[in-house]
Each structure stands twice: as C-alpha cells, then as structure tokens.
$ cat query.txt   # compact mmCIF, C-alpha atoms
# COMPACT_ATOMS: atom_id res chain seq x y z
CA MET A 1 105.54 -112.91 -86.75
CA SER A 2 108.20 -110.27 -87.48
CA ALA A 3 107.49 -106.58 -86.87
CA LEU A 4 107.49 -105.95 -90.64
CA ALA A 5 105.09 -108.80 -91.27
CA ASP A 6 102.87 -107.44 -88.52
CA LEU A 7 102.89 -104.00 -90.17
CA ARG A 8 101.94 -105.56 -93.49
CA SER A 9 99.07 -107.37 -91.85
CA HIS A 10 97.61 -104.07 -90.60
CA HIS A 11 98.69 -101.59 -93.29
CA ARG A 12 96.34 -102.00 -96.24
CA GLY A 13 98.32 -99.87 -98.67
CA PRO A 14 101.61 -101.02 -100.24
CA VAL A 15 104.64 -101.51 -98.00
CA ILE A 16 107.81 -101.50 -100.11
CA ALA A 17 111.16 -102.78 -98.84
CA PRO A 18 114.61 -102.59 -100.54
CA ASP A 19 114.27 -106.14 -101.89
CA ASP A 20 110.92 -105.44 -103.52
CA SER A 21 110.77 -104.84 -107.27
CA GLY A 22 109.16 -101.41 -106.94
CA TYR A 23 111.70 -100.03 -104.49
CA ASP A 24 113.79 -97.90 -106.86
CA ALA A 25 110.74 -96.27 -108.38
CA ALA A 26 109.25 -95.65 -104.93
CA ARG A 27 112.34 -93.84 -103.64
CA GLY A 28 112.76 -91.52 -106.62
CA THR A 29 112.44 -87.78 -106.02
CA PHE A 30 111.85 -84.65 -108.08
CA ASN A 31 115.52 -83.68 -107.86
CA GLY A 32 117.82 -85.99 -109.81
CA MET A 33 120.84 -84.83 -107.78
CA LEU A 34 119.53 -86.85 -104.83
CA ASP A 35 119.89 -90.61 -104.40
CA ARG A 36 118.45 -91.61 -101.04
CA ARG A 37 117.74 -95.09 -99.76
CA PRO A 38 115.01 -95.46 -97.14
CA GLU A 39 114.52 -98.60 -95.07
CA LEU A 40 110.86 -98.79 -96.03
CA VAL A 41 108.32 -96.93 -98.18
CA THR A 42 104.69 -97.10 -97.08
CA ARG A 43 101.75 -95.92 -99.17
CA PRO A 44 98.83 -95.62 -96.77
CA LEU A 45 95.20 -95.68 -97.84
CA ASP A 46 93.90 -93.73 -94.85
CA VAL A 47 94.76 -92.26 -91.47
CA GLU A 48 94.75 -95.68 -89.79
CA ASP A 49 97.47 -96.85 -92.18
CA VAL A 50 99.50 -93.70 -91.46
CA ALA A 51 99.23 -94.27 -87.72
CA ALA A 52 100.32 -97.91 -88.17
CA ALA A 53 103.35 -96.86 -90.24
CA VAL A 54 104.43 -94.16 -87.77
CA GLY A 55 103.94 -96.62 -84.89
CA TYR A 56 106.14 -99.16 -86.64
CA ALA A 57 108.81 -96.50 -87.22
CA GLY A 58 108.80 -95.71 -83.51
CA GLU A 59 109.23 -99.35 -82.53
CA ALA A 60 111.99 -99.84 -85.12
CA GLY A 61 113.81 -96.64 -84.18
CA LEU A 62 113.43 -95.19 -87.68
CA PRO A 63 113.03 -91.50 -88.50
CA VAL A 64 110.07 -90.64 -90.73
CA ALA A 65 110.05 -88.81 -94.07
CA VAL A 66 106.71 -87.62 -95.47
CA ARG A 67 105.85 -87.44 -99.15
CA GLY A 68 102.89 -85.39 -100.34
CA GLY A 69 103.25 -84.37 -103.97
CA GLY A 70 107.00 -85.02 -103.83
CA HIS A 71 107.73 -81.83 -105.78
CA GLY A 72 110.08 -80.19 -103.24
CA VAL A 73 113.47 -79.30 -104.69
CA ALA A 74 115.26 -80.20 -101.43
CA GLY A 75 114.02 -83.80 -101.72
CA HIS A 76 112.88 -84.04 -98.11
CA CYS A 77 110.17 -86.53 -99.06
CA VAL A 78 112.74 -89.36 -99.00
CA GLY A 79 115.42 -89.84 -96.36
CA ASP A 80 118.31 -92.26 -96.02
CA ASP A 81 117.58 -95.03 -93.51
CA SER A 82 114.07 -93.72 -92.94
CA LEU A 83 110.51 -94.91 -93.12
CA VAL A 84 108.76 -92.95 -95.86
CA VAL A 85 105.06 -92.21 -95.48
CA ASP A 86 104.06 -91.65 -99.11
CA LEU A 87 100.60 -90.06 -99.13
CA ARG A 88 99.96 -90.23 -102.88
CA LEU A 89 97.06 -92.67 -102.47
CA MET A 90 95.31 -90.22 -100.11
CA ARG A 91 94.11 -87.67 -102.67
CA HIS A 92 90.43 -87.38 -101.75
CA VAL A 93 88.75 -83.98 -102.18
CA ALA A 94 85.38 -82.90 -100.73
CA VAL A 95 83.89 -79.45 -101.41
CA ASP A 96 81.16 -77.89 -99.29
CA PRO A 97 79.82 -75.12 -101.55
CA GLU A 98 77.44 -73.82 -98.89
CA GLU A 99 80.15 -73.35 -96.27
CA ARG A 100 82.72 -72.50 -98.95
CA THR A 101 85.26 -75.00 -97.68
CA VAL A 102 87.26 -77.83 -99.19
CA THR A 103 88.80 -80.79 -97.37
CA CYS A 104 91.52 -82.82 -99.06
CA GLY A 105 93.90 -85.65 -98.28
CA GLY A 106 97.57 -85.10 -97.51
CA GLY A 107 98.60 -86.50 -100.89
CA ALA A 108 96.31 -84.28 -102.96
CA LEU A 109 97.72 -82.20 -105.80
CA TRP A 110 96.37 -78.83 -106.90
CA GLU A 111 95.06 -80.49 -110.06
CA ASP A 112 92.84 -82.59 -107.76
CA VAL A 113 91.61 -79.61 -105.75
CA ASP A 114 91.22 -76.77 -108.27
CA PRO A 115 88.74 -78.40 -110.67
CA ALA A 116 86.59 -79.72 -107.81
CA CYS A 117 86.29 -76.20 -106.39
CA GLN A 118 85.85 -74.44 -109.73
CA ARG A 119 82.77 -76.54 -110.51
CA HIS A 120 81.08 -74.51 -107.77
CA GLY A 121 82.56 -71.16 -108.88
CA LEU A 122 85.06 -71.29 -106.01
CA ALA A 123 88.84 -71.35 -105.68
CA MET A 124 91.55 -71.29 -103.07
CA PRO A 125 95.00 -69.70 -103.37
CA GLY A 126 97.47 -72.36 -104.46
CA GLY A 127 100.76 -72.34 -106.27
CA THR A 128 101.42 -72.07 -110.00
CA PHE A 129 101.75 -75.73 -111.04
CA GLY A 130 98.84 -78.16 -111.03
CA ASP A 131 101.06 -81.11 -110.13
CA THR A 132 102.42 -79.49 -106.97
CA GLY A 133 101.35 -81.12 -103.71
CA VAL A 134 98.91 -79.26 -101.48
CA ALA A 135 100.67 -80.32 -98.28
CA GLY A 136 104.18 -79.04 -98.84
CA LEU A 137 103.05 -75.79 -100.38
CA THR A 138 100.62 -75.07 -97.54
CA LEU A 139 102.96 -75.89 -94.67
CA GLY A 140 105.66 -73.59 -96.07
CA GLY A 141 103.57 -70.67 -97.33
CA GLY A 142 101.85 -70.81 -100.70
CA ILE A 143 102.37 -68.00 -103.25
CA GLY A 144 100.14 -67.93 -106.33
CA TYR A 145 97.87 -65.91 -108.57
CA LEU A 146 95.15 -65.49 -105.94
CA THR A 147 97.52 -64.54 -103.12
CA PRO A 148 97.09 -60.72 -103.31
CA ALA A 149 93.31 -61.01 -103.13
CA PHE A 150 92.92 -63.82 -100.60
CA GLY A 151 96.24 -64.41 -98.84
CA LEU A 152 98.83 -67.16 -98.81
CA THR A 153 97.64 -70.74 -99.01
CA LEU A 154 98.32 -71.16 -95.28
CA ASP A 155 96.23 -68.06 -94.52
CA ASN A 156 93.22 -70.00 -95.79
CA LEU A 157 93.85 -73.14 -93.73
CA LEU A 158 91.04 -73.74 -91.25
CA ALA A 159 92.08 -77.07 -89.73
CA ALA A 160 94.63 -79.85 -90.10
CA ARG A 161 94.40 -83.48 -89.06
CA VAL A 162 97.81 -84.70 -87.91
CA VAL A 163 99.44 -88.00 -86.98
CA THR A 164 102.11 -87.16 -84.41
CA ALA A 165 105.38 -88.93 -83.64
CA ASP A 166 103.72 -91.14 -81.01
CA GLY A 167 101.05 -92.30 -83.49
CA ALA A 168 98.25 -90.16 -82.04
CA VAL A 169 95.68 -88.67 -84.44
CA ILE A 170 94.85 -85.08 -83.50
CA THR A 171 93.27 -81.96 -85.00
CA ALA A 172 94.82 -78.49 -85.00
CA SER A 173 92.85 -75.30 -85.60
CA GLU A 174 92.39 -71.86 -84.07
CA GLU A 175 90.16 -73.45 -81.40
CA GLU A 176 91.94 -76.78 -80.93
CA ARG A 177 95.69 -76.91 -80.22
CA PRO A 178 96.17 -73.34 -81.50
CA GLU A 179 99.93 -73.34 -80.87
CA LEU A 180 100.42 -76.36 -83.13
CA PHE A 181 98.13 -74.73 -85.69
CA TRP A 182 100.28 -71.61 -85.54
CA ALA A 183 103.43 -73.68 -86.14
CA LEU A 184 102.00 -75.72 -89.01
CA ARG A 185 101.37 -72.51 -90.95
CA GLY A 186 104.93 -71.84 -92.02
CA GLY A 187 106.96 -74.35 -90.00
CA GLY A 188 106.87 -77.02 -92.69
CA GLY A 189 106.61 -80.75 -92.06
CA ASN A 190 108.37 -80.67 -88.71
CA PHE A 191 105.49 -81.61 -86.43
CA GLY A 192 103.84 -84.73 -87.84
CA VAL A 193 102.09 -86.20 -90.86
CA VAL A 194 99.28 -83.91 -91.96
CA VAL A 195 96.79 -86.38 -93.40
CA GLU A 196 93.97 -83.94 -94.09
CA PHE A 197 93.55 -80.20 -94.69
CA THR A 198 90.43 -78.05 -94.57
CA PHE A 199 90.55 -74.69 -96.35
CA ARG A 200 88.38 -71.62 -96.82
CA LEU A 201 87.24 -71.02 -100.42
CA HIS A 202 86.48 -67.82 -102.33
CA PRO A 203 84.23 -66.98 -105.27
CA VAL A 204 86.36 -66.84 -108.42
CA GLY A 205 84.74 -66.83 -111.84
CA LEU A 206 86.03 -66.00 -115.29
CA LEU A 207 89.26 -64.00 -115.01
CA PHE A 208 91.66 -62.50 -117.51
CA GLY A 209 94.99 -64.25 -117.61
CA GLY A 210 97.78 -65.73 -119.64
CA ALA A 211 101.40 -65.29 -120.64
CA ILE A 212 103.54 -62.86 -122.58
CA GLU A 213 107.05 -63.69 -123.79
CA PHE A 214 109.85 -61.36 -124.85
CA SER A 215 113.27 -62.09 -126.30
CA LEU A 216 116.21 -62.12 -123.92
CA GLN A 217 117.62 -58.94 -125.49
CA ASP A 218 114.47 -57.14 -124.31
CA ALA A 219 114.90 -58.38 -120.74
CA PRO A 220 115.97 -55.07 -119.13
CA ALA A 221 113.08 -53.13 -120.69
CA ALA A 222 110.53 -55.91 -120.07
CA LEU A 223 111.59 -56.28 -116.43
CA GLU A 224 111.45 -52.53 -115.91
CA ALA A 225 107.94 -52.42 -117.38
CA TRP A 226 106.92 -55.29 -115.11
CA ARG A 227 108.47 -53.63 -112.06
CA SER A 228 106.63 -50.41 -112.84
CA LEU A 229 103.34 -52.26 -113.25
CA MET A 230 103.77 -54.12 -109.97
CA THR A 231 104.91 -51.18 -107.84
CA ASP A 232 101.38 -50.41 -106.64
CA PRO A 233 99.00 -53.00 -108.14
CA PRO A 234 95.45 -53.72 -106.97
CA ASP A 235 94.77 -56.76 -104.81
CA ARG A 236 92.82 -58.41 -107.61
CA PHE A 237 95.82 -58.44 -109.96
CA GLN A 238 98.89 -60.64 -109.87
CA SER A 239 101.81 -61.05 -112.24
CA PHE A 240 105.06 -63.03 -112.13
CA ALA A 241 108.18 -62.44 -114.24
CA GLN A 242 110.86 -64.95 -115.14
CA VAL A 243 114.08 -64.50 -117.10
CA ALA A 244 115.47 -67.82 -118.33
CA ARG A 245 117.85 -69.47 -120.74
CA ASP A 246 117.71 -73.11 -121.83
CA GLY A 247 121.27 -74.43 -121.57
CA ALA A 248 120.62 -77.14 -124.18
CA THR A 249 119.15 -74.93 -126.92
CA GLY A 250 120.63 -71.57 -125.92
CA LEU A 251 117.16 -70.02 -126.20
CA GLY A 252 116.64 -67.15 -123.77
CA ARG A 253 113.38 -65.43 -122.95
CA VAL A 254 111.43 -63.28 -120.53
CA HIS A 255 108.19 -64.94 -119.48
CA ILE A 256 105.53 -62.80 -117.77
CA THR A 257 102.23 -64.22 -116.55
CA VAL A 258 99.21 -62.12 -115.60
CA ALA A 259 95.94 -62.74 -113.77
CA HIS A 260 93.27 -60.10 -113.24
CA LEU A 261 90.15 -61.07 -111.31
CA ASP A 262 88.28 -57.99 -112.54
CA GLY A 263 88.05 -59.22 -116.10
CA ALA A 264 89.18 -58.43 -119.61
CA ASP A 265 89.18 -54.62 -119.64
CA ALA A 266 91.35 -54.34 -116.53
CA GLY A 267 93.56 -57.19 -117.71
CA ARG A 268 94.16 -55.68 -121.12
CA GLU A 269 95.27 -52.41 -119.53
CA ALA A 270 97.97 -54.36 -117.67
CA VAL A 271 99.07 -56.11 -120.86
CA GLU A 272 99.26 -52.79 -122.71
CA HIS A 273 101.50 -51.43 -119.96
CA LEU A 274 103.83 -54.42 -120.28
CA THR A 275 104.07 -54.33 -124.06
CA ARG A 276 104.25 -50.57 -124.66
CA GLY A 277 107.30 -49.91 -126.87
CA LEU A 278 108.20 -53.63 -126.98
CA GLU A 279 107.46 -56.40 -129.47
CA PRO A 280 106.47 -59.58 -127.64
CA ALA A 281 107.62 -62.86 -129.12
CA ARG A 282 104.36 -64.43 -127.95
CA THR A 283 101.16 -63.12 -126.38
CA GLU A 284 98.54 -65.57 -125.15
CA VAL A 285 96.15 -63.71 -122.87
CA ARG A 286 92.40 -64.12 -122.77
CA PRO A 287 89.45 -64.72 -120.47
CA MET A 288 89.93 -68.08 -118.74
CA TYR A 289 89.10 -69.97 -115.59
CA TYR A 290 91.51 -70.51 -112.74
CA PRO A 291 92.37 -74.18 -113.47
CA GLU A 292 93.52 -73.19 -116.98
CA LEU A 293 95.71 -70.46 -115.49
CA GLN A 294 97.36 -73.12 -113.34
CA ASP A 295 98.68 -74.78 -116.51
CA ILE A 296 100.37 -71.65 -117.92
CA TYR A 297 103.83 -72.80 -116.84
CA PRO A 298 105.13 -76.01 -118.45
CA ARG A 299 105.52 -78.70 -115.83
CA LEU A 300 108.97 -79.65 -114.65
CA PRO A 301 109.61 -83.39 -115.04
CA PHE A 302 110.88 -85.41 -112.13
CA GLY A 303 114.48 -86.62 -112.24
CA LEU A 304 116.28 -83.55 -113.64
CA ARG A 305 119.10 -82.02 -111.62
CA ASN A 306 117.95 -78.97 -109.65
CA TYR A 307 119.36 -76.31 -107.38
CA TRP A 308 117.22 -73.34 -106.32
CA SER A 309 118.29 -70.36 -104.24
CA GLY A 310 116.70 -67.00 -103.49
CA ARG A 311 115.80 -64.25 -101.05
CA PHE A 312 112.84 -62.28 -99.81
CA LEU A 313 113.36 -58.63 -100.79
CA GLY A 314 112.11 -55.34 -99.47
CA GLU A 315 112.53 -53.62 -102.85
CA LEU A 316 113.38 -54.30 -106.48
CA PRO A 317 116.16 -51.76 -107.04
CA ASP A 318 117.07 -50.10 -110.31
CA GLU A 319 120.14 -52.35 -110.63
CA LEU A 320 118.22 -55.62 -110.53
CA PRO A 321 116.94 -55.87 -114.15
CA ALA A 322 120.47 -55.42 -115.50
CA LEU A 323 122.00 -57.69 -112.87
CA THR A 324 119.51 -60.43 -113.75
CA THR A 325 119.99 -60.09 -117.49
CA GLU A 326 123.76 -60.29 -117.13
CA LYS A 327 123.42 -63.73 -115.55
CA PHE A 328 122.20 -65.06 -118.90
CA ALA A 329 124.44 -63.12 -121.26
CA ASP A 330 126.79 -66.10 -121.58
CA ASP A 331 125.48 -68.65 -124.09
CA GLY A 332 126.53 -71.41 -121.69
CA ALA A 333 124.34 -70.08 -118.89
CA ASN A 334 121.02 -71.73 -118.10
CA GLY A 335 118.27 -71.72 -115.52
CA GLY A 336 115.91 -68.92 -114.66
CA VAL A 337 115.23 -66.13 -112.19
CA LEU A 338 111.64 -65.90 -110.95
CA PHE A 339 110.27 -62.68 -109.46
CA GLU A 340 107.05 -62.81 -107.43
CA SER A 341 105.11 -59.90 -105.96
CA LEU A 342 103.89 -60.20 -102.36
CA HIS A 343 101.48 -57.25 -102.35
CA GLY A 344 97.96 -57.23 -100.99
CA ALA A 345 96.41 -59.59 -98.46
CA PRO A 346 99.53 -61.37 -97.07
CA GLY A 347 100.98 -58.09 -95.82
CA ARG A 348 97.83 -57.24 -93.88
CA VAL A 349 98.09 -60.34 -91.70
CA PRO A 350 99.93 -59.55 -88.45
CA PRO A 351 103.54 -60.74 -88.79
CA HIS A 352 103.35 -63.19 -85.88
CA ALA A 353 99.84 -64.52 -86.54
CA THR A 354 101.40 -67.57 -88.23
CA ALA A 355 104.89 -69.07 -88.32
CA PHE A 356 105.43 -67.87 -91.89
CA ALA A 357 108.30 -65.41 -91.77
CA GLY A 358 108.07 -63.58 -95.08
CA ARG A 359 105.27 -61.08 -94.44
CA HIS A 360 107.68 -58.18 -94.15
CA ALA A 361 108.86 -58.81 -97.72
CA ARG A 362 107.44 -57.08 -100.77
CA TRP A 363 109.07 -59.39 -103.32
CA ASN A 364 110.49 -62.87 -103.68
CA ALA A 365 113.36 -63.58 -106.10
CA THR A 366 114.59 -67.11 -106.80
CA PHE A 367 117.22 -68.55 -109.12
CA ILE A 368 115.79 -71.84 -110.43
CA ASN A 369 118.54 -73.88 -112.03
CA VAL A 370 117.81 -77.11 -113.88
CA TRP A 371 120.30 -79.19 -115.88
CA LEU A 372 121.09 -82.76 -117.00
CA ASP A 373 124.83 -83.43 -116.82
CA PRO A 374 126.22 -84.46 -113.38
CA ALA A 375 129.59 -83.03 -114.43
CA GLU A 376 127.93 -79.59 -114.37
CA ASP A 377 126.77 -79.83 -110.75
CA GLU A 378 129.39 -77.59 -109.17
CA ARG A 379 129.11 -74.85 -111.80
CA GLN A 380 125.32 -74.81 -111.85
CA VAL A 381 124.95 -74.79 -108.07
CA GLU A 382 127.35 -71.88 -107.85
CA ALA A 383 125.40 -69.98 -110.51
CA ALA A 384 122.30 -70.06 -108.29
CA ARG A 385 124.19 -69.28 -105.10
CA SER A 386 126.04 -66.34 -106.67
CA PHE A 387 122.76 -64.74 -107.72
CA SER A 388 121.46 -64.98 -104.14
CA ARG A 389 124.68 -63.40 -102.86
CA ALA A 390 124.16 -60.53 -105.29
CA LEU A 391 120.72 -59.92 -103.72
CA GLU A 392 122.11 -59.44 -100.21
CA PRO A 393 121.98 -55.60 -100.22
CA TRP A 394 118.18 -55.77 -100.52
CA ALA A 395 117.50 -59.12 -98.81
CA LEU A 396 115.31 -59.42 -95.71
CA GLY A 397 116.70 -62.33 -93.71
CA GLY A 398 116.53 -65.64 -95.53
CA GLY A 399 114.60 -66.97 -98.48
CA TYR A 400 111.31 -68.71 -99.16
CA LEU A 401 111.83 -72.21 -97.79
CA ASN A 402 109.40 -73.82 -100.22
CA TYR A 403 111.86 -72.94 -103.01
CA ALA A 404 115.11 -73.50 -101.13
CA SER A 405 117.53 -76.31 -101.88
CA GLU A 406 119.28 -75.24 -98.69
CA PRO A 407 118.44 -72.66 -96.01
CA VAL A 408 120.57 -69.56 -95.65
CA SER A 409 121.48 -70.50 -92.07
CA GLU A 410 121.74 -74.09 -90.90
CA ASP A 411 119.77 -73.40 -87.71
CA LEU A 412 117.08 -71.47 -89.66
CA GLU A 413 117.48 -68.30 -87.61
CA SER A 414 117.99 -66.26 -90.80
CA GLU A 415 114.71 -67.65 -92.13
CA PHE A 416 112.53 -67.35 -89.02
CA GLY A 417 114.25 -64.85 -86.74
CA ALA A 418 115.25 -65.66 -83.18
CA ASP A 419 111.87 -65.17 -81.48
CA ARG A 420 109.81 -67.08 -84.02
CA LEU A 421 112.37 -69.89 -84.13
CA ALA A 422 112.33 -70.24 -80.33
CA ARG A 423 108.55 -70.57 -80.41
CA LEU A 424 108.74 -73.17 -83.19
CA ARG A 425 111.34 -75.15 -81.26
CA ALA A 426 109.05 -75.21 -78.24
CA VAL A 427 106.20 -76.63 -80.36
CA LYS A 428 108.61 -79.17 -81.85
CA ARG A 429 109.63 -80.27 -78.36
CA GLU A 430 105.98 -80.84 -77.42
CA TYR A 431 104.97 -82.85 -80.49
CA ASP A 432 108.23 -84.39 -81.73
CA PRO A 433 110.83 -84.29 -78.93
CA ALA A 434 112.99 -87.01 -80.52
CA ASN A 435 113.01 -85.23 -83.91
CA VAL A 436 111.45 -88.21 -85.66
CA PHE A 437 110.31 -85.87 -88.46
CA ARG A 438 113.76 -84.58 -89.37
CA PHE A 439 113.66 -84.76 -93.16
CA ASN A 440 112.66 -81.15 -93.76
CA HIS A 441 114.15 -77.73 -93.21
CA ASN A 442 114.62 -79.03 -89.73
CA ILE A 443 113.59 -77.26 -86.56
CA VAL A 444 115.52 -78.80 -83.69
CA PRO A 445 113.42 -79.40 -80.55
CA ALA A 446 114.08 -76.98 -77.72
CA GLU A 447 115.97 -78.34 -74.76
CA ARG A 448 113.95 -78.97 -71.63
$ encode --input "query.txt" --output "structure tokens"
Amino acid sequence: MSALADLRSHHRGPVIAPDDSGYDAARGTFNGMLDRRPELVTRPLDVEDVAAAVGYAGEAGLPVAVRGGGHGVAGHCVGDDSLVVDLRLMRHVAVDPEERTVTCGGGALWEDVDPACQRHGLAMPGGTFGDTGVAGLTLGGGIGYLTPAFGLTLDNLLAARVVTADGAVITASEEERPELFWALRGGGGNFGVVVEFTFRLHPVGLLFGGAIEFSLQDAPAALEAWRSLMTDPPDRFQSFAQVARDGATGLGRVHITVAHLDGADAGREAVEHLTRGLEPARTEVRPMYYPELQDIYPRLPFGLRNYWSGRFLGELPDELPALTTEKFADDGANGGVLFESLHGAPGRVPPHATAFAGRHARWNATFINVWLDPAEDERQVEAARSFSRALEPWALGGGYLNYASEPVSEDLESEFGADRLARLRAVKREYDPANVFRFNHNIVPAER
C-alpha cells in the first residue's frame, strides 16, 4: 500500500489530490491574485484526522498550510507544494452558559459561534464579518465591536488544543505550556494546527448599533466628526469609519458603524454627534442584537483581487482626513481606507502579556483595495502601499498582520519588535524546528 493510500485508509474526511475532480475548487483562496498548487488537500473530520494528515506530511517531507475560514488576504491557507489541512468540516460549537465559555472547532466561523452564544445572552469579541474564521482572527489579534469593553479576541482565549509538527496533540493555556499559549496569542499560525479553541464569554444583550453613510464630498467633515467622537470614548462604545470608492461604478462614500452597549439613549447621542451639520445619505441605526451587528458590512466574495496595507498609529493627526479623502478624488481610484479605534480594554493588558504587538497603538488604519482586472494589479497594489507610506510620520512599528498582504519587514521585526520576536523564535524552535508551518507571516525558528 502506498503512503497516500494508507493516509486515505485512516483519514475519514476527504483527501484531494491534483488529479481529483475537486482539486481546483479545494485550492481556491479569498484573494484572486493568488494561484497556488498544493500537493494534497485534506479535510479532516476531527483531531485524529488532523494528526494523521500532519504525520503523513512529515513522512513525505511536505510543509503544511492550515485553512480555517480561508478569509486571510495573504492567502496563507494554501501553499505551493504543501499539504493543506482544511478545517472547514470542524465547525462544532459548544456553549457552557453556567461557566460562560464557548468551545469551537478550528474551522468555525463567527456566524457559527455568535448565534450559539447569543441564545444564552452571551457574546465574545470577534471581528466584523460573520464569515470570517475564528482561528485566523484569534491567532493574530481580533478587533471588533466588543473589543473596547472586553478586549481583543485573543485576550478572551482560555485554552487551545494544538496538533504540533510531530503529530502530537497538546493543550496550551495559562497553566499548561504557558509559553506556547503566550505565542499563540498574536504569533499567528506558526506553531501548529489549532483544532479547538475555548473562550471566555460576556453578557451582551440588546445594544444600539448600525451604520451611517455620507457622500464622498462630506468625507473631511465626517471623518473629523468621527475623530472627535472617538478621541475619548467610553469602553462600552465602538465605532469604525471607512472611506471608499467603487472603481466600477465611481460611487464614493463614507461608511461609519456604531455600537453602544448601554442602549438607545447613549447610542443616539453618538449618532447626533456624527451627523451634526451634515446630511447623511443613509442612516440605519436601531436597537439590535450582536449577531445582526455582525452583518452590517457587506461580505466580500472570494476570488476578487485584493491587496491590503496599513499601520498601527499613535494618533490621528489633523492632516489625515484630508490625506485620506485625496486618495479617492480621482474617479479612477477605488478601494477603501478603514479606521479602527483601539481604546479601552486592550490597552490595559500589559504589553508583553501576549505576543500581540499592537497594544501601544491607539488606532489602526488600513487601505483595503479590491479590484477585478489583472492588468490593474501594479497600479492598485501601489495605491495601497503609497497610503501606508504616507502614514509613516505617525506609525508605530508595523501594521496589523491580520490585515496585511505583506509585512512591513520581511523578518517581522517591525511588527513584533526585537525582544518579542526573539521570544517567538524560541517557541517556534521548540514546537516547529523544521518550520513545517511556514505558510503564514513566518517566524523563523531560532538557531540552537
């Protein structure tokens, strides 16, 4: 029996090879700029299947790529000449309302987790799209509407079950393998296949949330109103602002979302601040539950061409609203700039308590560029990069790796800093010395 046949005899989920009819669909990624061809795609049903797939990769000398939700713009979920562990069949969710915890599989999406928790009046800080994978978001940070009140997604991680490069199944938590647990919270998918996550939950009932849109010509005033509102906001309020232009239609807009956990009266005060002296093109704000808030942004389809670039910032200077608006003054421009506030709970966590390196930042700004025509690749990539270069006077190191098509520095020192990176490399050496898990913003193992 061949090694592949032996794997198929033990691995109960699909095992897809290049000659199989489903291969091209299995290797597709969110970002249409990428066309990667793995040696094998496995879709495990459980942790035993994952261990079998990783064991096969070791025997065959194949590096391993891990796919959770597959939503990452860098396309790390599929690697050339790799074995892909595609976790999309491992989407189980179990809520313990008494302990206020949720445990979910490594392939779970937020649309799997959020409704299950909300049925018990509970929620956990996630991202802003229901179809985003829990795994990738958690391992890199996790910024969302509940972040100011309850911390980053990774701040709420209690334990992770991991299949390591040698096929071992281990658990990482504050009590068990604490150094690996530290590294998982911000170091991305560098250390193994996280097959299960356990998180702390928080009581979240009816909130006041929604979206307000302004015309592009009102962008400077709308952004200034948003900046003023978010200069010293309460922990129980979050708002994101995005300036965007659709390259196909030429339609430009400012899109501001709000979420206030203290209800309608407090939420309406925030909306009044944003709209004072301006005429919104659309206002859809009302009492709602958290899962509805997670559908405020339209979902981005897989297969479009994407390049994202940004920076963590210490301040939003006076120049930034005008600088941002100017990017979309040309009718041929497209894409969007997203501003996120990092106030509240994340900043109260000691900076080296986890591997996440953005706690010193007050803001995150990202140019999100999406287009269709391959002939536009060079121009559209440069549009995103040039915006990040313009942010340099206020930038704090690198950018938010969950949103990064490429890191600022190839060795990730700009992103993590020298001391944090050295610690991460030491953990990498312990759990993945051969760099089997290299399809990520890669942390190279420390030399012995």
$ axis_aligned_box --input "query.txt" --around "stretch 376-388 of chain A" --padding-each-side "8 Å" --output "lines of an AutoDock Vina configuration file"
center_x = 125.4
center_y = -72.3
center_z = -109.3
size_x = 23.9
size_y = 31.1
size_z = 26.2
$ residues_near_point --input "query.txt" --point "(115.0, -70.7, -121.8)" --cutoff "12 Å" --atoms "only C-alpha atoms" --output "PyMOL selection string"
chain A and resi 213-216+242-255+298+328+331-337+368-371
$ closest_residue --input "query.txt" --among "A:His92, A:Arg161, A:Arg305, A:His260" --to "A:Leu293" --atoms "all atoms listed in the file"
A:His260
$ closest_residue --input "query.txt" --among "A:Asn31, A:Asn402, A:Thr153, A:Gln380" --to "A:Glu415" --atoms "only C-alpha atoms"
A:Asn402
$ residues_around --input "query.txt" --residues "A:Arg227" --least-positions-apart "4" --cutoff "8 Å" --atoms "only C-alpha atoms" --output "VMD selection string"
chain A and resid 223 231 316
$ residues_around --input "query.txt" --residues "A:Leu320" --least-positions-apart "5" --cutoff "12 Å" --atoms "all atoms listed in the file" --output "PyMOL selection string"
chain A and resi 219-221+223-224+227+243+313+315+325-327+337+339+365+387-388+390-394
$ closest_atom_pairs --input "query.txt" --of "stretch 57-172 of chain A" --to "stretch 437-442 of chain A" --cutoff "8 Å" --atoms "all atoms listed in the file" --output "CSV"
residue,atom,partner,partner_atom,distance
A:Pro63,CA,A:Phe437,CA,6.3
A:Val64,CA,A:Phe437,CA,5.3
A:Ala65,CA,A:Phe439,CA,5.5
A:Val66,CA,A:Phe439,CA,7.9
A:His76,CA,A:Phe439,CA,5.1
A:Cys77,CA,A:Phe439,CA,7.1
A:Val78,CA,A:Phe439,CA,7.5
A:Gly79,CA,A:Phe439,CA,6.3
A:Ala165,CA,A:Phe437,CA,7.5
$ closest_residue --input "query.txt" --among "A:Pro317, A:Gly186, A:Pro374, A:Gly263" --to "A:Leu421" --atoms "all atoms listed in the file"
A:Gly186
$ residues_around --input "query.txt" --residues "A:His71" --least-positions-apart "6" --cutoff "9 Å" --atoms "only C-alpha atoms" --output "list in words"
Thr29, Phe30, Asn31, Cys77, Asp131, Thr132, Gly133, Gly136 and Phe302 of chain A
$ residues_around --input "query.txt" --residues "A:Ile296" --least-positions-apart "6" --cutoff "9 Å" --atoms "only C-alpha atoms" --output "list of chain:residue names"
A:Thr128, A:Phe129, A:Gly210, A:Ala211, A:Thr257
$ write_last_selection --input "query.txt" --atoms "C-alpha atoms" --output "PDB file, in the coordinates of the input"
ATOM      1  CA  THR A 128     101.420 -72.070-110.000  1.00  0.00           C
ATOM      2  CA  PHE A 129     101.750 -75.730-111.040  1.00  0.00           C
ATOM      3  CA  GLY A 210      97.780 -65.730-119.640  1.00  0.00           C
ATOM      4  CA  ALA A 211     101.400 -65.290-120.640  1.00  0.00           C
ATOM      5  CA  THR A 257     102.230 -64.220-116.550  1.00  0.00           C
TER       6      THR A 257
END
$ atom_distance --input "query.txt" --atom1 "atom CA of A:Ala3" --atom2 "atom CA of A:Ala52"
11.3 Å
$ residues_around --input "query.txt" --residues "A:Asp6" --least-positions-apart "3" --cutoff "12 Å" --atoms "only C-alpha atoms" --output "ChimeraX atom specification"
/A:1-3,9-12,15,52-53,55-56,59
$ closest_residue --input "query.txt" --among "A:Ala60, A:Pro44, A:Trp363, A:Val50" --to "A:Leu4" --atoms "all atoms listed in the file"
A:Ala60
$ closest_residue --input "query.txt" --among "A:Glu340, A:Glu174, A:Glu382, A:Asp411" --to "A:Leu158" --atoms "all atoms listed in the file"
A:Glu174
$ atom_distance --input "query.txt" --atom1 "atom CA of A:Pro115" --atom2 "atom CA of A:Leu206"
13.5 Å
$ atom_distance --input "query.txt" --atom1 "atom CA of A:Leu372" --atom2 "atom CA of A:Gly303"
9.0 Å
$ residues_near_point --input "query.txt" --point "(102.2, -55.9, -96.4)" --cutoff "9 Å" --atoms "all atoms listed in the file" --output "PyMOL selection string"
chain A and resi 342-349+359-362
$ closest_residue --input "query.txt" --among "A:Pro14, A:Gly126, A:Gly151, A:Gly32" --to "A:Val84" --atoms "only C-alpha atoms"
A:Pro14
